[in-house]
file target_4.tsv (TSV, N, CA and C atoms and all ligand atoms)
chain	number	residue	atom	x	y	z
A	25	MET	N	-165.24	38.91	-77.78
A	25	MET	CA	-165.79	39.31	-79.08
A	25	MET	C	-164.81	40.24	-79.78
A	26	ASN	N	-164.72	40.07	-81.06
A	26	ASN	CA	-163.86	40.95	-81.85
A	26	ASN	C	-164.45	42.35	-81.95
A	27	LYS	N	-163.60	43.24	-82.40
A	27	LYS	CA	-164.06	44.59	-82.70
A	27	LYS	C	-164.56	44.64	-84.14
A	28	CYS	N	-165.58	45.44	-84.33
A	28	CYS	CA	-166.08	45.66	-85.67
A	28	CYS	C	-165.03	46.38	-86.51
A	29	ARG	N	-164.82	45.90	-87.72
A	29	ARG	CA	-163.79	46.50	-88.57
A	29	ARG	C	-164.25	47.80	-89.21
A	30	VAL	N	-165.52	48.09	-89.08
A	30	VAL	CA	-166.04	49.32	-89.68
A	30	VAL	C	-166.04	50.45	-88.66
A	31	CYS	N	-166.69	50.22	-87.51
A	31	CYS	CA	-166.85	51.31	-86.55
A	31	CYS	C	-165.90	51.17	-85.37
A	32	GLY	N	-165.24	50.03	-85.23
A	32	GLY	CA	-164.26	49.86	-84.17
A	32	GLY	C	-164.84	49.52	-82.81
A	33	GLU	N	-166.14	49.37	-82.73
A	33	GLU	CA	-166.79	49.04	-81.47
A	33	GLU	C	-166.94	47.53	-81.30
A	34	GLY	N	-167.15	47.11	-80.06
A	34	GLY	CA	-167.41	45.71	-79.78
A	34	GLY	C	-168.91	45.46	-79.83
A	35	GLN	N	-169.38	44.65	-78.89
A	35	GLN	CA	-170.81	44.35	-78.83
A	35	GLN	C	-171.58	45.58	-78.40
A	36	LEU	N	-172.58	45.93	-79.18
A	36	LEU	CA	-173.43	47.06	-78.84
A	36	LEU	C	-174.88	46.59	-78.82
A	37	GLU	N	-175.65	47.19	-77.95
A	37	GLU	CA	-177.05	46.78	-77.83
A	37	GLU	C	-177.79	46.85	-79.15
A	38	ARG	N	-177.54	47.93	-79.86
A	38	ARG	CA	-178.28	48.13	-81.11
A	38	ARG	C	-177.59	47.47	-82.30
A	39	ARG	N	-176.45	46.92	-82.06
A	39	ARG	CA	-175.73	46.27	-83.17
A	39	ARG	C	-175.33	44.88	-82.72
A	40	GLU	N	-176.33	44.05	-82.49
A	40	GLU	CA	-176.06	42.73	-81.93
A	40	GLU	C	-175.84	41.68	-83.00
A	41	ILE	N	-176.15	42.00	-84.24
A	41	ILE	CA	-175.97	41.03	-85.32
A	41	ILE	C	-174.63	41.27	-86.00
A	42	TRP	N	-173.85	40.21	-86.06
A	42	TRP	CA	-172.51	40.31	-86.64
A	42	TRP	C	-172.43	39.48	-87.90
A	43	ILE	N	-171.54	39.92	-88.76
A	43	ILE	CA	-171.23	39.13	-89.95
A	43	ILE	C	-169.74	38.90	-89.96
A	44	GLY	N	-169.37	37.64	-90.16
A	44	GLY	CA	-167.96	37.30	-90.24
A	44	GLY	C	-167.61	36.83	-91.63
A	45	CYS	N	-166.36	37.02	-91.99
A	45	CYS	CA	-165.88	36.52	-93.27
A	45	CYS	C	-166.05	35.01	-93.31
A	46	SER	N	-166.55	34.51	-94.44
A	46	SER	CA	-166.83	33.07	-94.56
A	46	SER	C	-165.57	32.25	-94.81
A	47	HIS	N	-164.47	32.91	-95.01
A	47	HIS	CA	-163.21	32.18	-95.16
A	47	HIS	C	-162.88	31.51	-93.83
A	48	PRO	N	-162.57	30.19	-93.84
A	48	PRO	CA	-162.41	29.44	-92.59
A	48	PRO	C	-161.31	29.94	-91.66
A	49	SER	N	-160.30	30.57	-92.18
A	49	SER	CA	-159.20	30.99	-91.31
A	49	SER	C	-159.18	32.50	-91.10
A	50	CYS	N	-160.29	33.14	-91.35
A	50	CYS	CA	-160.33	34.60	-91.24
A	50	CYS	C	-161.14	35.01	-90.01
A	51	ASP	N	-160.67	36.05	-89.33
A	51	ASP	CA	-161.41	36.53	-88.16
A	51	ASP	C	-161.92	37.95	-88.37
A	52	TYR	N	-162.27	38.24	-89.57
A	52	TYR	CA	-162.80	39.56	-89.91
A	52	TYR	C	-164.28	39.61	-89.56
A	53	TRP	N	-164.62	40.49	-88.63
A	53	TRP	CA	-166.01	40.62	-88.19
A	53	TRP	C	-166.47	42.06	-88.28
A	54	LEU	N	-167.72	42.23	-88.56
A	54	LEU	CA	-168.31	43.55	-88.47
A	54	LEU	C	-169.80	43.43	-88.18
A	55	HIS	N	-170.35	44.55	-87.70
A	55	HIS	CA	-171.77	44.56	-87.42
A	55	HIS	C	-172.55	44.51	-88.73
A	56	ALA	N	-173.63	43.76	-88.72
A	56	ALA	CA	-174.49	43.74	-89.90
A	56	ALA	C	-174.98	45.17	-90.20
A	57	GLU	N	-175.23	45.90	-89.15
A	57	GLU	CA	-175.71	47.27	-89.32
A	57	GLU	C	-174.68	48.13	-90.03
A	58	CYS	N	-173.43	47.87	-89.75
A	58	CYS	CA	-172.37	48.64	-90.38
A	58	CYS	C	-172.20	48.28	-91.86
A	59	MET	N	-172.80	47.18	-92.26
A	59	MET	CA	-172.82	46.81	-93.67
A	59	MET	C	-174.05	47.36	-94.35
A	60	GLY	N	-174.95	47.92	-93.59
A	60	GLY	CA	-176.16	48.48	-94.17
A	60	GLY	C	-177.29	47.49	-94.30
A	61	ILE	N	-177.26	46.41	-93.52
A	61	ILE	CA	-178.34	45.43	-93.60
A	61	ILE	C	-178.99	45.25	-92.23
A	62	SER	N	-179.18	46.36	-91.53
A	62	SER	CA	-179.69	46.31	-90.16
A	62	SER	C	-181.10	45.74	-90.07
A	63	ALA	N	-181.84	45.79	-91.16
A	63	ALA	CA	-183.22	45.31	-91.10
A	63	ALA	C	-183.31	43.80	-91.16
A	64	LYS	N	-182.19	43.14	-91.48
A	64	LYS	CA	-182.22	41.69	-91.64
A	64	LYS	C	-182.15	40.99	-90.28
A	65	THR	N	-182.52	39.73	-90.31
A	65	THR	CA	-182.51	38.94	-89.10
A	65	THR	C	-181.22	38.13	-88.99
A	66	LYS	N	-181.01	37.60	-87.81
A	66	LYS	CA	-179.85	36.74	-87.60
A	66	LYS	C	-179.87	35.54	-88.52
A	67	ALA	N	-181.06	35.00	-88.75
A	67	ALA	CA	-181.19	33.84	-89.63
A	67	ALA	C	-180.73	34.18	-91.04
A	68	PHE	N	-181.10	35.36	-91.48
A	68	PHE	CA	-180.68	35.80	-92.81
A	68	PHE	C	-179.17	35.92	-92.86
A	69	VAL	N	-178.63	36.59	-91.86
A	69	VAL	CA	-177.19	36.84	-91.85
A	69	VAL	C	-176.39	35.55	-91.85
A	70	SER	N	-176.85	34.57	-91.08
A	70	SER	CA	-176.11	33.32	-91.00
A	70	SER	C	-176.29	32.47	-92.25
A	71	SER	N	-177.22	32.84	-93.09
A	71	SER	CA	-177.47	32.04	-94.29
A	71	SER	C	-176.68	32.53	-95.50
A	72	ILE	N	-176.09	33.69	-95.37
A	72	ILE	CA	-175.37	34.23	-96.52
A	72	ILE	C	-173.88	33.99	-96.39
A	73	LYS	N	-173.24	33.92	-97.53
A	73	LYS	CA	-171.78	33.85	-97.56
A	73	LYS	C	-171.27	35.25	-97.81
A	74	TRP	N	-170.35	35.66	-96.97
A	74	TRP	CA	-169.80	37.00	-97.13
A	74	TRP	C	-168.30	36.93	-96.92
A	75	TYR	N	-167.58	37.64	-97.76
A	75	TYR	CA	-166.13	37.65	-97.64
A	75	TYR	C	-165.62	39.07	-97.46
A	76	CYS	N	-164.60	39.18	-96.62
A	76	CYS	CA	-163.99	40.48	-96.40
A	76	CYS	C	-163.27	40.94	-97.67
A	77	VAL	N	-162.80	42.16	-97.62
A	77	VAL	CA	-162.16	42.76	-98.80
A	77	VAL	C	-161.01	41.89	-99.30
A	78	LYS	N	-160.23	41.39	-98.38
A	78	LYS	CA	-159.08	40.58	-98.72
A	78	LYS	C	-159.48	39.29	-99.43
A	79	HIS	N	-160.46	38.58	-98.88
A	79	HIS	CA	-160.84	37.30	-99.43
A	79	HIS	C	-161.83	37.42	-100.58
A	80	ARG	N	-162.48	38.55	-100.67
A	80	ARG	CA	-163.43	38.74	-101.76
A	80	ARG	C	-162.71	38.75	-103.11
A	81	SER	N	-161.50	39.21	-103.09
A	81	SER	CA	-160.76	39.33	-104.34
A	81	SER	C	-160.12	38.01	-104.76
A	82	MET	N	-160.23	37.00	-103.90
A	82	MET	CA	-159.68	35.69	-104.23
A	82	MET	C	-160.74	34.85	-104.92
A	83	LYS	N	-160.28	33.92	-105.72
A	83	LYS	CA	-161.22	32.99	-106.35
A	83	LYS	C	-161.56	31.90	-105.33
A	84	HIS	N	-162.85	31.62	-105.21
A	84	HIS	CA	-163.23	30.56	-104.30
A	84	HIS	C	-164.44	29.83	-104.81
B	101	ZN	ZN	-169.75	48.35	-86.40
B	102	ZN	ZN	-161.58	37.20	-94.83
call {"tool": "encode", "arguments": {"input": "target_4.tsv", "output": "structure tokens"}}
result
Amino acid sequence: MNKCRVCGEGQLERREIWIGCSHPSCDYWLHAECMGISAKTKAFVSSIKWYCVKHRSMKH
């Protein structure tokens, strides 16, 4: 598992939901909790498109 780009930790019991950049060649991951959406479910997280800082600024 990758390290969270926000807090630098790996898998944590209380931070089991991860969000990855939706760009196909990007490995940017962070905890959903570190994004401030800890109340959401895994289903919610997997349904959204999210891009890291680098890819967010690109047109897609
Ligand atoms: Zn984190
Ligand atoms: Zn990215």
call {"tool": "residues_near_ligand", "arguments": {"input": "target_4.tsv", "ligand": "ligand ZN 101 (chain B)", "cutoff": "8 Å", "atoms": "all atoms listed in the file", "output": "MDAnalysis selection string"}}
result
chainID A and resid 27:34 39 53:59
call {"tool": "residues_near_ligand", "arguments": {"input": "target_4.tsv", "ligand": "ligand ZN 102 (chain B)", "cutoff": "12 Å", "atoms": "only C-alpha atoms and all ligand atoms", "output": "ChimeraX atom specification"}}
result
/A:29,43-54,73-82,84
call {"tool": "select_by_dssp", "arguments": {"input": "target_4.tsv", "residues": "chain A", "states": "helix (DSSP H, G or I)", "output": "number ranges by chain"}}
result
A: 57-59, 66-71, 77-80
call {"tool": "select_by_dssp", "arguments": {"input": "target_4.tsv", "residues": "chain A", "states": "strand (DSSP E)", "output": "count of residues only"}}
result
6
call {"tool": "atom_distance", "arguments": {"input": "target_4.tsv", "atom1": "atom C of Val69 of chain A", "atom2": "atom CA of Trp42 of chain A"}}
result
8.1 Å
call {"tool": "decode", "arguments": {"input": "target_4.tsv", "residues": "segment 35-81 of chain A", "atoms": "N, CA and C atoms", "output": "PDB file, in the first residue's frame"}}
result
ATOM      1  N   GLN A  35      -1.555   2.157   5.861  1.00  0.00           N
ATOM      2  CA  GLN A  35      -2.881   1.713   6.276  1.00  0.00           C
ATOM      3  C   GLN A  35      -3.049   1.903   7.772  1.00  0.00           C
ATOM      4  N   LEU A  36      -4.114   2.570   8.148  1.00  0.00           N
ATOM      5  CA  LEU A  36      -4.416   2.768   9.552  1.00  0.00           C
ATOM      6  C   LEU A  36      -5.829   2.263   9.823  1.00  0.00           C
ATOM      7  N   GLU A  37      -6.018   1.742  11.016  1.00  0.00           N
ATOM      8  CA  GLU A  37      -7.331   1.194  11.351  1.00  0.00           C
ATOM      9  C   GLU A  37      -8.449   2.204  11.167  1.00  0.00           C
ATOM     10  N   ARG A  38      -8.178   3.413  11.602  1.00  0.00           N
ATOM     11  CA  ARG A  38      -9.225   4.432  11.534  1.00  0.00           C
ATOM     12  C   ARG A  38      -9.242   5.163  10.207  1.00  0.00           C
ATOM     13  N   ARG A  39      -8.306   4.851   9.370  1.00  0.00           N
ATOM     14  CA  ARG A  39      -8.259   5.531   8.066  1.00  0.00           C
ATOM     15  C   ARG A  39      -8.151   4.473   6.988  1.00  0.00           C
ATOM     16  N   GLU A  40      -9.190   3.673   6.873  1.00  0.00           N
ATOM     17  CA  GLU A  40      -9.137   2.536   5.956  1.00  0.00           C
ATOM     18  C   GLU A  40      -9.634   2.882   4.568  1.00  0.00           C
ATOM     19  N   ILE A  41     -10.264   4.032   4.417  1.00  0.00           N
ATOM     20  CA  ILE A  41     -10.779   4.421   3.110  1.00  0.00           C
ATOM     21  C   ILE A  41      -9.772   5.332   2.420  1.00  0.00           C
ATOM     22  N   TRP A  42      -9.417   4.932   1.218  1.00  0.00           N
ATOM     23  CA  TRP A  42      -8.416   5.685   0.460  1.00  0.00           C
ATOM     24  C   TRP A  42      -9.041   6.283  -0.780  1.00  0.00           C
ATOM     25  N   ILE A  43      -8.447   7.376  -1.190  1.00  0.00           N
ATOM     26  CA  ILE A  43      -8.834   7.975  -2.461  1.00  0.00           C
ATOM     27  C   ILE A  43      -7.583   8.098  -3.306  1.00  0.00           C
ATOM     28  N   GLY A  44      -7.695   7.647  -4.544  1.00  0.00           N
ATOM     29  CA  GLY A  44      -6.581   7.750  -5.464  1.00  0.00           C
ATOM     30  C   GLY A  44      -6.916   8.706  -6.589  1.00  0.00           C
ATOM     31  N   CYS A  45      -5.889   9.309  -7.140  1.00  0.00           N
ATOM     32  CA  CYS A  45      -6.069  10.172  -8.301  1.00  0.00           C
ATOM     33  C   CYS A  45      -6.684   9.353  -9.437  1.00  0.00           C
ATOM     34  N   SER A  46      -7.679   9.932 -10.094  1.00  0.00           N
ATOM     35  CA  SER A  46      -8.383   9.209 -11.162  1.00  0.00           C
ATOM     36  C   SER A  46      -7.602   9.171 -12.467  1.00  0.00           C
ATOM     37  N   HIS A  47      -6.510   9.870 -12.516  1.00  0.00           N
ATOM     38  CA  HIS A  47      -5.665   9.802 -13.709  1.00  0.00           C
ATOM     39  C   HIS A  47      -5.081   8.396 -13.802  1.00  0.00           C
ATOM     40  N   PRO A  48      -5.189   7.742 -14.983  1.00  0.00           N
ATOM     41  CA  PRO A  48      -4.814   6.330 -15.105  1.00  0.00           C
ATOM     42  C   PRO A  48      -3.352   6.012 -14.790  1.00  0.00           C
ATOM     43  N   SER A  49      -2.467   6.946 -14.956  1.00  0.00           N
ATOM     44  CA  SER A  49      -1.057   6.637 -14.734  1.00  0.00           C
ATOM     45  C   SER A  49      -0.525   7.279 -13.460  1.00  0.00           C
ATOM     46  N   CYS A  50      -1.406   7.655 -12.581  1.00  0.00           N
ATOM     47  CA  CYS A  50      -0.985   8.352 -11.366  1.00  0.00           C
ATOM     48  C   CYS A  50      -1.127   7.431 -10.157  1.00  0.00           C
ATOM     49  N   ASP A  51      -0.169   7.510  -9.247  1.00  0.00           N
ATOM     50  CA  ASP A  51      -0.253   6.689  -8.037  1.00  0.00           C
ATOM     51  C   ASP A  51      -0.365   7.545  -6.785  1.00  0.00           C
ATOM     52  N   TYR A  52      -1.031   8.632  -6.925  1.00  0.00           N
ATOM     53  CA  TYR A  52      -1.236   9.548  -5.800  1.00  0.00           C
ATOM     54  C   TYR A  52      -2.404   9.045  -4.958  1.00  0.00           C
ATOM     55  N   TRP A  53      -2.115   8.699  -3.715  1.00  0.00           N
ATOM     56  CA  TRP A  53      -3.147   8.184  -2.813  1.00  0.00           C
ATOM     57  C   TRP A  53      -3.162   8.965  -1.512  1.00  0.00           C
ATOM     58  N   LEU A  54      -4.319   9.081  -0.961  1.00  0.00           N
ATOM     59  CA  LEU A  54      -4.422   9.627   0.383  1.00  0.00           C
ATOM     60  C   LEU A  54      -5.668   9.084   1.067  1.00  0.00           C
ATOM     61  N   HIS A  55      -5.656   9.208   2.394  1.00  0.00           N
ATOM     62  CA  HIS A  55      -6.814   8.754   3.148  1.00  0.00           C
ATOM     63  C   HIS A  55      -7.998   9.681   2.881  1.00  0.00           C
ATOM     64  N   ALA A  56      -9.165   9.092   2.769  1.00  0.00           N
ATOM     65  CA  ALA A  56     -10.363   9.910   2.622  1.00  0.00           C
ATOM     66  C   ALA A  56     -10.486  10.847   3.825  1.00  0.00           C
ATOM     67  N   GLU A  57     -10.117  10.338   4.971  1.00  0.00           N
ATOM     68  CA  GLU A  57     -10.207  11.148   6.182  1.00  0.00           C
ATOM     69  C   GLU A  57      -9.306  12.371   6.108  1.00  0.00           C
ATOM     70  N   CYS A  58      -8.170  12.200   5.469  1.00  0.00           N
ATOM     71  CA  CYS A  58      -7.235  13.307   5.348  1.00  0.00           C
ATOM     72  C   CYS A  58      -7.731  14.354   4.346  1.00  0.00           C
ATOM     73  N   MET A  59      -8.726  13.992   3.566  1.00  0.00           N
ATOM     74  CA  MET A  59      -9.372  14.949   2.676  1.00  0.00           C
ATOM     75  C   MET A  59     -10.549  15.610   3.354  1.00  0.00           C
ATOM     76  N   GLY A  60     -10.895  15.143   4.518  1.00  0.00           N
ATOM     77  CA  GLY A  60     -12.020  15.732   5.238  1.00  0.00           C
ATOM     78  C   GLY A  60     -13.358  15.121   4.896  1.00  0.00           C
ATOM     79  N   ILE A  61     -13.357  13.892   4.364  1.00  0.00           N
ATOM     80  CA  ILE A  61     -14.630  13.249   4.033  1.00  0.00           C
ATOM     81  C   ILE A  61     -14.754  11.915   4.774  1.00  0.00           C
ATOM     82  N   SER A  62     -14.341  11.909   6.024  1.00  0.00           N
ATOM     83  CA  SER A  62     -14.309  10.678   6.805  1.00  0.00           C
ATOM     84  C   SER A  62     -15.688  10.061   7.009  1.00  0.00           C
ATOM     85  N   ALA A  63     -16.725  10.866   6.905  1.00  0.00           N
ATOM     86  CA  ALA A  63     -18.063  10.340   7.155  1.00  0.00           C
ATOM     87  C   ALA A  63     -18.603   9.551   5.971  1.00  0.00           C
ATOM     88  N   LYS A  64     -17.923   9.629   4.828  1.00  0.00           N
ATOM     89  CA  LYS A  64     -18.432   8.973   3.632  1.00  0.00           C
ATOM     90  C   LYS A  64     -18.072   7.490   3.629  1.00  0.00           C
ATOM     91  N   THR A  65     -18.779   6.769   2.790  1.00  0.00           N
ATOM     92  CA  THR A  65     -18.553   5.341   2.684  1.00  0.00           C
ATOM     93  C   THR A  65     -17.607   5.018   1.531  1.00  0.00           C
ATOM     94  N   LYS A  66     -17.149   3.796   1.532  1.00  0.00           N
ATOM     95  CA  LYS A  66     -16.288   3.346   0.443  1.00  0.00           C
ATOM     96  C   LYS A  66     -17.001   3.448  -0.894  1.00  0.00           C
ATOM     97  N   ALA A  67     -18.292   3.154  -0.898  1.00  0.00           N
ATOM     98  CA  ALA A  67     -19.065   3.226  -2.137  1.00  0.00           C
ATOM     99  C   ALA A  67     -19.075   4.648  -2.680  1.00  0.00           C
ATOM    100  N   PHE A  68     -19.219   5.589  -1.775  1.00  0.00           N
ATOM    101  CA  PHE A  68     -19.202   6.991  -2.193  1.00  0.00           C
ATOM    102  C   PHE A  68     -17.849   7.353  -2.780  1.00  0.00           C
ATOM    103  N   VAL A  69     -16.815   6.977  -2.055  1.00  0.00           N
ATOM    104  CA  VAL A  69     -15.464   7.333  -2.480  1.00  0.00           C
ATOM    105  C   VAL A  69     -15.133   6.767  -3.848  1.00  0.00           C
ATOM    106  N   SER A  70     -15.545   5.529  -4.088  1.00  0.00           N
ATOM    107  CA  SER A  70     -15.218   4.899  -5.365  1.00  0.00           C
ATOM    108  C   SER A  70     -16.082   5.440  -6.500  1.00  0.00           C
ATOM    109  N   SER A  71     -17.110   6.180  -6.164  1.00  0.00           N
ATOM    110  CA  SER A  71     -18.001   6.699  -7.198  1.00  0.00           C
ATOM    111  C   SER A  71     -17.595   8.084  -7.686  1.00  0.00           C
ATOM    112  N   ILE A  72     -16.697   8.706  -6.971  1.00  0.00           N
ATOM    113  CA  ILE A  72     -16.325  10.064  -7.363  1.00  0.00           C
ATOM    114  C   ILE A  72     -15.021  10.069  -8.149  1.00  0.00           C
ATOM    115  N   LYS A  73     -14.894  11.073  -8.976  1.00  0.00           N
ATOM    116  CA  LYS A  73     -13.639  11.296  -9.682  1.00  0.00           C
ATOM    117  C   LYS A  73     -12.869  12.347  -8.904  1.00  0.00           C
ATOM    118  N   TRP A  74     -11.631  12.027  -8.622  1.00  0.00           N
ATOM    119  CA  TRP A  74     -10.811  12.970  -7.873  1.00  0.00           C
ATOM    120  C   TRP A  74      -9.424  13.007  -8.495  1.00  0.00           C
ATOM    121  N   TYR A  75      -8.889  14.199  -8.612  1.00  0.00           N
ATOM    122  CA  TYR A  75      -7.562  14.342  -9.189  1.00  0.00           C
ATOM    123  C   TYR A  75      -6.635  15.042  -8.216  1.00  0.00           C
ATOM    124  N   CYS A  76      -5.394  14.578  -8.217  1.00  0.00           N
ATOM    125  CA  CYS A  76      -4.393  15.201  -7.364  1.00  0.00           C
ATOM    126  C   CYS A  76      -4.093  16.618  -7.860  1.00  0.00           C
ATOM    127  N   VAL A  77      -3.302  17.310  -7.089  1.00  0.00           N
ATOM    128  CA  VAL A  77      -2.993  18.715  -7.401  1.00  0.00           C
ATOM    129  C   VAL A  77      -2.409  18.839  -8.806  1.00  0.00           C
ATOM    130  N   LYS A  78      -1.529  17.932  -9.143  1.00  0.00           N
ATOM    131  CA  LYS A  78      -0.871  17.964 -10.435  1.00  0.00           C
ATOM    132  C   LYS A  78      -1.857  17.782 -11.582  1.00  0.00           C
ATOM    133  N   HIS A  79      -2.729  16.787 -11.472  1.00  0.00           N
ATOM    134  CA  HIS A  79      -3.644  16.484 -12.558  1.00  0.00           C
ATOM    135  C   HIS A  79      -4.901  17.340 -12.530  1.00  0.00           C
ATOM    136  N   ARG A  80      -5.181  17.921 -11.393  1.00  0.00           N
ATOM    137  CA  ARG A  80      -6.369  18.765 -11.296  1.00  0.00           C
ATOM    138  C   ARG A  80      -6.219  20.001 -12.183  1.00  0.00           C
ATOM    139  N   SER A  81      -5.003  20.426 -12.343  1.00  0.00           N
ATOM    140  CA  SER A  81      -4.769  21.643 -13.117  1.00  0.00           C
ATOM    141  C   SER A  81      -4.747  21.379 -14.616  1.00  0.00           C
TER     142      SER A  81
END
